[in-house]
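Okay, so here's the structure we're looking at.
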Amino acid sequence: MGRRVQVPDAAEAGGLRSGSRRGPGAARQGAQRPRARRDRSDIFFFDEQAQTCVTRTCPIIGVGSTVGAGVYVLVGTVAREHAGPALTISFLIAGIAAALSAFCYAELASRCPSAGSAYHYSYICVGEGVAWLIGWALVLEYTIGGSAVARGISPNLALFFGGPDSLPWILARHQLPWFNIIVDPCAAALVFIVTVLLCVGIKESSFAQGVVTVLNACVMIFVIIAGSYIGFQIGWVGYKVSDGYFPYGVNGMLTGSATVFFAYIGFDTVASTAEEVKNPQRDLPLGIGVALAICCALYMAVSIVIVGLVPYFAMDPDTPISSAFAKHGMQWAMYVVTSGAVLALCSTLMGSLLPQPRILMAMARDGLLPSFFSDVNKQTQVPVKSTIVTGICAAALAFAMDVSQLAGMVSVGTLLAFTIVAVSILILRYVPPDEVPLPPSMQESFRLNQECDAEKDRDLLGDGNCNISQMKDVIVVVESMDPLIEKRQHRGKMDETKRRKIAAFSIGSVCVGVLILTSSASVTWLPFLPICIGCIIGIVLLLAGLGALSWIEQDNGRHSFGHCGGFTCPFVPVLPVMCILINTYLLINLGGDTWMRVGIWLLMGVLVYIFYGRTHSSLTDVVYVPVAQADEIYRSSSGYVS
């Protein structure tokens, strides 16, 4: 694969030119100097007015990408099949897990802003193979997420025409008897419309999403106020069911949390616009935090009201909010809610389709996908080809697949991404990489600098004809170092190596312990004794790793990666470990059928990586250089100006 070499001094590396977006020095320089436009191959966004638009609407993009699917699509399905009246707690647990992940996302997005989001973070912290699987899972997440949202639009839109089956024939749902599936032409058409809007440009799509998000927020406030008024009049009949607050038990409520976790992927959309905001160190953490807080509050408030208006077993799985108002005689309110639902779902659909082309572009930059996906339109500065491919795939899924099948598959991609982001925080803090790749575009200049360095050394020594006294003088200077200093440096290096080994083993112990603990706690068909033994082993490994990470110091090298002065994740290592624990538990509770479908998709990704990605990877012909010395190389060629 790559070669590891010693880099010339910073002063001699000034002529190198970078083609990589992962240079730690480039990122650090960005925190010290004003940003200028980069090379077109490095970043695809140059419109200053559009950058300002995206910066101002960063939280709106997150809220618009999130609010809609959870309220207008999943509320009815999850309440009927999993959580019952405990739906609010399901949203709360999923929101807490998302908040832990949001802290980790905020630091990585601030430190290493990239369109690749979780794929990029795992690429620089874990490795190419794991990053490929995360990126492949994210492709599934965003494609199916958009499809699930699109299928939720058509039932709400049909209410304007008189009822669920009142859409025009060309847009109405039809059952194909030969394949036993229900097709949804309206959902596919909406996906194509949003795809065209995204191809026009990020400025236009951000403005449109901002408008519909504001309108949707007004509708949500109306639902909470009007629904509360009705609830107090009828006595909150939904909470007086004979089955109690947990009709499906605690496991059903947790299964509902794993399903509605799909509703919290909005802040991931914010992270994918990292290359399209002016100040990612400020705007990304702010956008992530505000979006998540608003969405969690809206979800819980709306679920409290809707579950109280209608018993969970009587909820309409397609239009739960509109139907709840209609059952209590508020037909006019039904139309208001339906309008908000259609607008919100359109905004969420736009947010679901926005990140995937940028992740495909990031993967193509690294050679893991054909360069077709990294092409950027010169006029709109958008990866149009990737956007079109994404729209076609999402439209096909929206046309033929059912929402209940899609939601669980989306949650797998989301939870995997959140888990690897938390692991990346631990790696970045305790065992950050010592070396970074020097891309092929820099290697020719690097070779010339090495030759220049060798010529300077020959000049110093007389180019082979120097007298012996000069040579001896040089040797004496080198060998005259104080032995105590050498011993102290050697001891410090040995201590650092030992600390890194302990940290690496501790992170591994945490991950293995979490996997054993959550697997044992989730298995119900085994006898009680094996479950207890598994839980005890998992707890011991988890606490041992967490204790070791709390005892040892964090690596000073973590400051060499990315922008300095941005958001820092608090309570490390406790917070990332809790994030890993919760996300893994939710992953395991998604069900065997979901994992079977996702497993087939991940197996396809492994085959693609083995037969294409690994052979075409940009890491097959790179030079690895130490981070400390690579800093000046990337700084001199990062495209930043004083």
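For the structure tokens, the naming scheme is as follows: chains receive sequential letters (A, B, ...) according to their order of presentation, residues are indexed from 1 within each chain, and ligands are indexed from 1 in presentation order.
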- Message: So that I can see what lies close to A:Ser322, please list as a ChimeraX atom specification the residues with an atom at most 8 Å from it, counting only C-alpha atoms and leaving out residues fewer than 3 positions away in the same chain.
- Response: /A:319,325-326,333-335,337-338
Selected residues written out, all heavy atoms, as an mmCIF file, in the first residue's frame:
```cif
data_model
loop_
_atom_site.group_PDB
_atom_site.id
_atom_site.type_symbol
_atom_site.label_atom_id
_atom_site.label_comp_id
_atom_site.auth_asym_id
_atom_site.auth_seq_id
_atom_site.Cartn_x
_atom_site.Cartn_y
_atom_site.Cartn_z
ATOM 1 N N THR A 319 -51.880 8.777 8.460
ATOM 2 C CA THR A 319 -52.136 10.187 8.784
ATOM 3 C C THR A 319 -52.614 10.302 10.226
ATOM 4 O O THR A 319 -53.785 10.641 10.481
ATOM 5 C CB THR A 319 -53.184 10.782 7.822
ATOM 6 O OG1 THR A 319 -54.392 10.001 7.937
ATOM 7 C CG2 THR A 319 -52.683 10.750 6.400
ATOM 8 N N PHE A 325 -57.598 14.911 14.623
ATOM 9 C CA PHE A 325 -58.447 16.102 14.647
ATOM 10 C C PHE A 325 -59.782 15.835 13.974
ATOM 11 O O PHE A 325 -60.827 16.331 14.422
ATOM 12 C CB PHE A 325 -57.735 17.266 13.971
ATOM 13 C CG PHE A 325 -56.729 17.953 14.844
ATOM 14 C CD1 PHE A 325 -55.382 17.649 14.758
ATOM 15 C CD2 PHE A 325 -57.131 18.899 15.767
ATOM 16 C CE1 PHE A 325 -54.452 18.276 15.564
ATOM 17 C CE2 PHE A 325 -56.216 19.536 16.584
ATOM 18 C CZ PHE A 325 -54.874 19.217 16.485
ATOM 19 N N ALA A 326 -59.768 15.057 12.878
ATOM 20 C CA ALA A 326 -61.016 14.779 12.167
ATOM 21 C C ALA A 326 -61.976 13.971 13.031
ATOM 22 O O ALA A 326 -63.206 14.172 12.976
ATOM 23 C CB ALA A 326 -60.711 14.028 10.875
ATOM 24 N N ALA A 333 -59.373 22.101 11.034
ATOM 25 C CA ALA A 333 -58.039 21.878 11.595
ATOM 26 C C ALA A 333 -57.319 20.763 10.863
ATOM 27 O O ALA A 333 -56.095 20.782 10.734
ATOM 28 C CB ALA A 333 -58.154 21.556 13.082
ATOM 29 N N MET A 334 -58.096 19.792 10.395
ATOM 30 C CA MET A 334 -57.483 18.700 9.652
ATOM 31 C C MET A 334 -56.772 19.222 8.404
ATOM 32 O O MET A 334 -55.672 18.774 8.061
ATOM 33 C CB MET A 334 -58.552 17.678 9.259
ATOM 34 C CG MET A 334 -58.015 16.470 8.511
ATOM 35 S SD MET A 334 -59.327 15.455 7.799
ATOM 36 C CE MET A 334 -59.894 16.534 6.472
ATOM 37 N N TYR A 335 -57.381 20.187 7.729
ATOM 38 C CA TYR A 335 -56.759 20.733 6.519
ATOM 39 C C TYR A 335 -55.512 21.555 6.861
ATOM 40 O O TYR A 335 -54.530 21.556 6.115
ATOM 41 C CB TYR A 335 -57.767 21.585 5.742
ATOM 42 C CG TYR A 335 -58.851 20.761 5.089
ATOM 43 C CD1 TYR A 335 -60.150 20.783 5.580
ATOM 44 C CD2 TYR A 335 -58.567 19.951 3.994
ATOM 45 C CE1 TYR A 335 -61.151 20.017 4.996
ATOM 46 C CE2 TYR A 335 -59.563 19.184 3.397
ATOM 47 C CZ TYR A 335 -60.851 19.215 3.916
ATOM 48 O OH TYR A 335 -61.818 18.446 3.333
ATOM 49 N N VAL A 337 -53.518 21.008 9.455
ATOM 50 C CA VAL A 337 -52.484 20.040 9.800
ATOM 51 C C VAL A 337 -51.970 19.334 8.552
ATOM 52 O O VAL A 337 -50.759 19.083 8.404
ATOM 53 C CB VAL A 337 -53.036 19.018 10.820
ATOM 54 C CG1 VAL A 337 -52.025 17.905 11.061
ATOM 55 C CG2 VAL A 337 -53.368 19.712 12.123
ATOM 56 N N THR A 338 -52.866 18.999 7.648
ATOM 57 C CA THR A 338 -52.450 18.319 6.421
ATOM 58 C C THR A 338 -51.535 19.205 5.590
ATOM 59 O O THR A 338 -50.554 18.728 5.000
ATOM 60 C CB THR A 338 -53.686 17.916 5.603
ATOM 61 O OG1 THR A 338 -54.526 17.075 6.402
ATOM 62 C CG2 THR A 338 -53.275 17.164 4.354
#
```
- Item | Spatial neighbours of stretch 299-312 of chain A, max dist 9 Å, only C-alpha atoms, sep filter under 2 positions, as an MDAnalysis selection string | chainID A and resid 67 70:71 75:76 79:81 83:89 91:92 220:221 223:225 227:228 230:231 234:241 294:297 314:315 320:321 324:325 327:328
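Distances from A:Phe399, A:Phe571, A:Trp551, A:Phe232 to A:Gln175 were compared using only C-alpha atoms, and the smallest one belongs to A:Phe399.
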- Query: Excluding same-chain residues fewer than 5 positions from stretch 382-392 of chain A, what lies within 10 Å of it counting only C-alpha atoms, as a PyMOL selection string?
  - Reply: chain A and resi 44-45+139+142-143+146-147+188+190-196+198-202+353-361+372-377+397-398
List every residue of stretch 205-318 of chain A that has an atom at most 12 Å from any atom of stretch 509-532 of chain A, and for each one report the closest atom pair and its distance in Å to one decimal, counting only C-alpha atoms, with rows sorted by chain and then by increasing residue number, as a tab-separated table.
```
residue	atom	partner	partner_atom	distance
A:Val250	CA	A:Ser522	CA	11.6
A:Asn251	CA	A:Ser522	CA	8.7
A:Gly252	CA	A:Ser522	CA	11.8
A:Leu254	CA	A:Ser522	CA	10.5
A:Thr255	CA	A:Ser522	CA	10.7
```
- How many Å separate atom CA of A:Ile582 from atom CA of A:Ser506? 18.5 Å
